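Pasted below: data.pdb, PDB, C-alpha atoms, pLDDT in the B column.
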ATOM      1  CA  MET M  60     115.831  79.185 201.403  1.00 75.00           C
ATOM      2  CA  ALA M  61     119.002  80.865 202.643  1.00 80.00           C
ATOM      3  CA  ASP M  62     121.010  77.883 201.426  1.00 89.00           C
ATOM      4  CA  ILE M  63     119.521  78.213 197.945  1.00 90.00           C
ATOM      5  CA  ASN M  64     120.334  81.948 197.811  1.00 90.00           C
ATOM      6  CA  ARG M  65     123.824  81.279 199.069  1.00 92.00           C
ATOM      7  CA  THR M  66     124.315  78.468 196.537  1.00 92.00           C
ATOM      8  CA  LEU M  67     123.077  80.676 193.687  1.00 91.00           C
ATOM      9  CA  LYS M  68     125.331  83.507 194.858  1.00 91.00           C
ATOM     10  CA  ASP M  69     128.330  81.163 195.038  1.00 92.00           C
ATOM     11  CA  ALA M  70     127.521  79.794 191.578  1.00 93.00           C
ATOM     12  CA  ALA M  71     127.359  83.339 190.200  1.00 93.00           C
ATOM     13  CA  TYR M  72     130.727  84.167 191.777  1.00 93.00           C
ATOM     14  CA  VAL M  73     132.247  80.986 190.330  1.00 94.00           C
ATOM     15  CA  ALA M  74     130.833  81.797 186.874  1.00 94.00           C
ATOM     16  CA  ILE M  75     132.236  85.339 187.053  1.00 95.00           C
ATOM     17  CA  GLY M  76     135.583  83.947 188.236  1.00 94.00           C
ATOM     18  CA  PHE M  77     135.702  81.547 185.280  1.00 94.00           C
ATOM     19  CA  ALA M  78     134.840  84.396 182.910  1.00 95.00           C
ATOM     20  CA  VAL M  79     137.675  86.525 184.348  1.00 95.00           C
ATOM     21  CA  LEU M  80     140.106  83.616 184.060  1.00 95.00           C
ATOM     22  CA  ALA M  81     139.003  82.936 180.470  1.00 95.00           C
ATOM     23  CA  TYR M  82     139.461  86.625 179.599  1.00 95.00           C
ATOM     24  CA  GLN M  83     142.934  86.675 181.146  1.00 96.00           C
ATOM     25  CA  ARG M  84     143.891  83.497 179.330  1.00 96.00           C
ATOM     26  CA  ALA M  85     142.715  85.002 176.035  1.00 96.00           C
ATOM     27  CA  GLN M  86     144.864  88.092 176.726  1.00 96.00           C
ATOM     28  CA  VAL M  87     147.922  85.922 177.408  1.00 96.00           C
ATOM     29  CA  GLN M  88     147.329  83.957 174.204  1.00 96.00           C
ATOM     30  CA  ARG M  89     146.905  87.203 172.266  1.00 96.00           C
ATOM     31  CA  ARG M  90     150.232  88.482 173.600  1.00 96.00           C
ATOM     32  CA  GLU M  91     151.918  85.194 172.690  1.00 96.00           C
ATOM     33  CA  VAL M  92     150.519  85.357 169.155  1.00 96.00           C
ATOM     34  CA  VAL M  93     151.638  88.980 168.769  1.00 96.00           C
ATOM     35  CA  ALA M  94     155.140  88.064 169.951  1.00 96.00           C
ATOM     36  CA  GLN M  95     155.257  85.095 167.575  1.00 96.00           C
ATOM     37  CA  VAL M  96     154.082  87.191 164.613  1.00 96.00           C
ATOM     38  CA  LYS M  97     156.687  89.868 165.399  1.00 95.00           C
ATOM     39  CA  SER M  98     159.395  87.217 165.526  1.00 94.00           C
ATOM     40  CA  GLN M  99     158.269  85.677 162.240  1.00 95.00           C
ATOM     41  CA  ARG M 100     158.073  89.127 160.643  1.00 95.00           C
ATOM     42  CA  HIS M 101     161.640  89.881 161.718  1.00 94.00           C
ATOM     43  CA  GLU M 102     162.843  86.546 160.301  1.00 94.00           C
ATOM     44  CA  LEU M 103     161.007  87.206 157.037  1.00 93.00           C
ATOM     45  CA  GLU M 104     162.442  90.725 156.752  1.00 93.00           C
ATOM     46  CA  THR M 105     165.928  89.305 157.328  1.00 91.00           C
ATOM     47  CA  GLN M 106     165.412  86.679 154.626  1.00 92.00           C
ATOM     48  CA  VAL M 107     163.992  89.193 152.154  1.00 91.00           C
ATOM     49  CA  SER M 108     166.916  91.528 152.797  1.00 90.00           C
ATOM     50  CA  GLY M 109     169.321  88.650 152.200  1.00 90.00           C
ATOM     51  CA  TYR M 110     167.556  87.725 148.974  1.00 91.00           C
ATOM     52  CA  GLY M 111     167.678  91.348 147.853  1.00 86.00           C
ATOM     53  CA  GLN M 112     171.419  91.497 148.453  1.00 87.00           C
ATOM     54  CA  GLN M 113     171.883  88.189 146.669  1.00 90.00           C
ATOM     55  CA  MET M 114     169.857  89.429 143.689  1.00 86.00           C
ATOM     56  CA  ALA M 115     171.942  92.616 143.609  1.00 84.00           C
ATOM     57  CA  ARG M 116     175.121  90.530 143.443  1.00 87.00           C
ATOM     58  CA  VAL M 117     173.668  88.359 140.670  1.00 87.00           C
ATOM     59  CA  ALA M 118     172.563  91.448 138.721  1.00 81.00           C
ATOM     60  CA  ALA M 119     175.998  93.038 139.109  1.00 83.00           C
ATOM     61  CA  ASP M 120     177.678  89.811 137.991  1.00 87.00           C
ATOM     62  CA  LEU M 121     175.355  89.500 135.006  1.00 84.00           C
ATOM     63  CA  GLN M 122     175.990  93.087 134.037  1.00 82.00           C
ATOM     64  CA  ALA M 123     179.749  92.604 134.366  1.00 84.00           C
ATOM     65  CA  ARG M 124     179.537  89.586 132.058  1.00 88.00           C
ATOM     66  CA  MET M 125     177.145  91.128 129.537  1.00 84.00           C
ATOM     67  CA  GLU M 126     178.714  94.578 129.246  1.00 85.00           C
ATOM     68  CA  PRO M 127     181.829  93.393 127.348  1.00 89.00           C
ATOM     69  CA  VAL M 128     179.728  91.190 125.078  1.00 89.00           C
ATOM     70  CA  LEU M 129     177.350  94.030 124.255  1.00 84.00           C
ATOM     71  CA  ASP M 130     180.264  96.418 123.707  1.00 87.00           C
ATOM     72  CA  ASP M 131     181.883  93.928 121.337  1.00 91.00           C
ATOM     73  CA  ILE M 132     178.658  93.470 119.389  1.00 88.00           C
ATOM     74  CA  GLU M 133     178.203  97.220 119.181  1.00 87.00           C
ATOM     75  CA  ARG M 134     181.839  97.679 118.082  1.00 91.00           C
ATOM     76  CA  ARG M 135     181.417  95.081 115.321  1.00 92.00           C
ATOM     77  CA  PHE M 136     178.065  96.286 114.033  1.00 88.00           C
ATOM     78  CA  ASP M 137     178.630 100.034 114.180  1.00 88.00           C
ATOM     79  CA  PRO M 138     180.923 100.106 111.100  1.00 91.00           C
ATOM     80  CA  LEU M 139     178.445  97.962 109.153  1.00 89.00           C
ATOM     81  CA  LEU M 140     175.539 100.160 110.165  1.00 87.00           C
ATOM     82  CA  ASP M 141     177.594 103.269 109.325  1.00 88.00           C
ATOM     83  CA  GLU M 142     178.215 101.856 105.850  1.00 89.00           C
ATOM     84  CA  ILE M 143     174.562 100.991 105.338  1.00 87.00           C
ATOM     85  CA  GLU M 144     173.504 104.387 106.661  1.00 86.00           C
ATOM     86  CA  GLY M 145     175.914 106.060 104.217  1.00 87.00           C
ATOM     87  CA  ARG M 146     174.201 104.390 101.258  1.00 88.00           C
ATOM     88  CA  LEU M 147     170.713 105.512 102.220  1.00 88.00           C
ATOM     89  CA  PRO M 148     168.902 108.597 100.960  1.00 90.00           C
ATOM     90  CA  GLU M 149     169.157 111.624 103.262  1.00 87.00           C
ATOM     91  CA  GLN M 150     165.672 111.267 104.743  1.00 85.00           C
ATOM     92  CA  ALA M 151     166.237 107.586 105.537  1.00 88.00           C
ATOM     93  CA  LYS M 152     169.662 108.401 107.033  1.00 87.00           C
ATOM     94  CA  GLY M 153     167.978 110.657 109.559  1.00 87.00           C
ATOM     95  CA  PHE M 154     165.534 107.940 110.592  1.00 88.00           C
ATOM     96  CA  VAL M 155     168.252 105.301 110.888  1.00 89.00           C
ATOM     97  CA  HIS M 156     170.462 107.682 112.855  1.00 86.00           C
ATOM     98  CA  GLN M 157     167.579 108.452 115.244  1.00 90.00           C
ATOM     99  CA  ALA M 158     166.769 104.758 115.622  1.00 91.00           C
ATOM    100  CA  ARG M 159     170.391 103.917 116.440  1.00 89.00           C
ATOM    101  CA  ALA M 160     170.584 106.740 118.979  1.00 91.00           C
ATOM    102  CA  ALA M 161     167.314 105.592 120.569  1.00 93.00           C
ATOM    103  CA  ALA M 162     168.588 102.001 120.758  1.00 89.00           C
ATOM    104  CA  ARG M 163     171.845 103.150 122.356  1.00 87.00           C
ATOM    105  CA  ASP M 164     169.947 105.308 124.849  1.00 91.00           C
ATOM    106  CA  ALA M 165     167.563 102.438 125.631  1.00 90.00           C
ATOM    107  CA  ARG M 166     170.484 100.090 126.270  1.00 84.00           C
ATOM    108  CA  HIS M 167     172.092 102.538 128.680  1.00 83.00           C
ATOM    109  CA  GLU M 168     168.765 103.193 130.418  1.00 86.00           C
ATOM    110  CA  ILE M 169     168.115  99.465 130.838  1.00 82.00           C
ATOM    111  CA  LEU M 170     171.572  98.920 132.292  1.00 77.00           C
ATOM    112  CA  ARG M 171     171.117 101.901 134.621  1.00 79.00           C
ATOM    113  CA  THR M 172     167.730 100.585 135.733  1.00 79.00           C
ATOM    114  CA  LEU M 173     169.066  97.096 136.389  1.00 72.00           C
ATOM    115  CA  THR M 174     172.143  98.266 138.248  1.00 71.00           C
ATOM    116  CA  PRO M 175     171.499  98.194 141.992  1.00 62.00           C
ATOM    117  CA  SER M 176     172.417 101.207 144.059  1.00 61.00           C
ATOM    118  CA  ALA M 177     175.118 101.182 146.724  1.00 52.00           C
ATOM    119  CA  ASP M 178     172.620 100.039 149.382  1.00 55.00           C
ATOM    120  CA  GLY M 179     171.600  96.994 147.320  1.00 51.00           C
ATOM    121  CA  ARG M 180     168.206  98.380 146.368  1.00 55.00           C
ATOM    122  CA  ALA M 181     166.955  98.746 142.853  1.00 51.00           C
ATOM    123  CA  PRO M 182     167.259 102.305 141.569  1.00 52.00           C
ATOM    124  CA  LYS M 183     164.159 104.435 141.370  1.00 53.00           C
ATOM    125  CA  ARG M 184     162.642 104.841 137.951  1.00 49.00           C
ATOM    126  CA  ALA M 185     162.930 108.172 136.271  1.00 49.00           C
ATOM    127  CA  ALA M 186     159.672 110.053 135.828  1.00 49.00           C
ATOM    128  CA  ALA M 187     158.356 109.790 132.298  1.00 45.00           C
TER     129      ALA M 187
END
Rendering of file as structure tokens:
Amino acid sequence: MADINRTLKDAAYVAIGFAVLAYQRAQVQRREVVAQVKSQRHELETQVSGYGQQMARVAADLQARMEPVLDDIERRFDPLLDEIEGRLPEQAKGFVHQARAAARDARHEILRTLTPSADGRAPKRAAA
């Protein structure tokens, strides 16, 4: 009978030992996963930052290319629109003048919105 009690006691100790080892192994694996996720997060943040800077350069290049074209179009069409506006009745002139001013303001606002700030981030939108 003493041998049976001793065997059961030893079996219980072995089972508890295995449970402790399994718990410790799970903790080690958890730490490894956390370290791996942190590393991957850092890599992803670095890539995203690089893409943001690249997009800022592309946006600046596009703006530099488009600005002269838009200025030229505006320079060519303004005299024509002035002439057309001059032929309109007074009430219509006011509407056309307002529409042209709104279009000019919209163009400048779009360019301001698309222009990245000095840190490469998109500018914050103005409150409406």
**Asked** Just how far from atom CA of M:Ile143 is atom CA of M:Arg159, in Å to one decimal?
**Response**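 Atom CA of M:Arg159 sits 12.2 Å away from atom CA of M:Ile143.
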**Request:** Could you please determine the separation between atom CA of M:Met114 and atom CA of M:Ile169 in Å, to one decimal place?
**Result:** 16.4 Å
**Request:** Identify which of the residues M:Leu140, M:Met60, M:Ala81, M:Ala119 lies closest to M:Leu173, counting all atoms listed in the file when measuring atom-to-atom distances.
**Result:**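 Comparing M:Leu140, M:Met60, M:Ala81, M:Ala119 against M:Leu173, the winner is M:Ala119.
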**Asked** What lies within 12 Å of M:Arg166 using all atoms listed in the file, ignoring chain neighbours under 6 positions off, as number ranges by chain?
**Response** M: 122, 125-126, 129-130, 133, 159-160, 172-173
For the file shown, report as a PDB file with C-alpha atoms, in the coordinates of the input the outcome of the PyMOL selection byres ((chain M and resi 156) around 12) at residue level.
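Produced file result04.pdb, reproduced below:
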ATOM      1  CA  ASP M 137     178.630 100.034 114.180  1.00 88.00           C
ATOM      2  CA  LEU M 140     175.539 100.160 110.165  1.00 87.00           C
ATOM      3  CA  ASP M 141     177.594 103.269 109.325  1.00 88.00           C
ATOM      4  CA  GLU M 142     178.215 101.856 105.850  1.00 89.00           C
ATOM      5  CA  ILE M 143     174.562 100.991 105.338  1.00 87.00           C
ATOM      6  CA  GLU M 144     173.504 104.387 106.661  1.00 86.00           C
ATOM      7  CA  GLY M 145     175.914 106.060 104.217  1.00 87.00           C
ATOM      8  CA  LEU M 147     170.713 105.512 102.220  1.00 88.00           C
ATOM      9  CA  GLU M 149     169.157 111.624 103.262  1.00 87.00           C
ATOM     10  CA  GLN M 150     165.672 111.267 104.743  1.00 85.00           C
ATOM     11  CA  ALA M 151     166.237 107.586 105.537  1.00 88.00           C
ATOM     12  CA  LYS M 152     169.662 108.401 107.033  1.00 87.00           C
ATOM     13  CA  GLY M 153     167.978 110.657 109.559  1.00 87.00           C
ATOM     14  CA  PHE M 154     165.534 107.940 110.592  1.00 88.00           C
ATOM     15  CA  VAL M 155     168.252 105.301 110.888  1.00 89.00           C
ATOM     16  CA  GLN M 157     167.579 108.452 115.244  1.00 90.00           C
ATOM     17  CA  ALA M 158     166.769 104.758 115.622  1.00 91.00           C
ATOM     18  CA  ARG M 159     170.391 103.917 116.440  1.00 89.00           C
ATOM     19  CA  ALA M 160     170.584 106.740 118.979  1.00 91.00           C
ATOM     20  CA  ALA M 161     167.314 105.592 120.569  1.00 93.00           C
ATOM     21  CA  ALA M 162     168.588 102.001 120.758  1.00 89.00           C
ATOM     22  CA  ARG M 163     171.845 103.150 122.356  1.00 87.00           C
TER      23      ARG M 163
END
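In this structure, atom CA of M:Gly76 sits 21.2 Å away from atom CA of M:Arg90.
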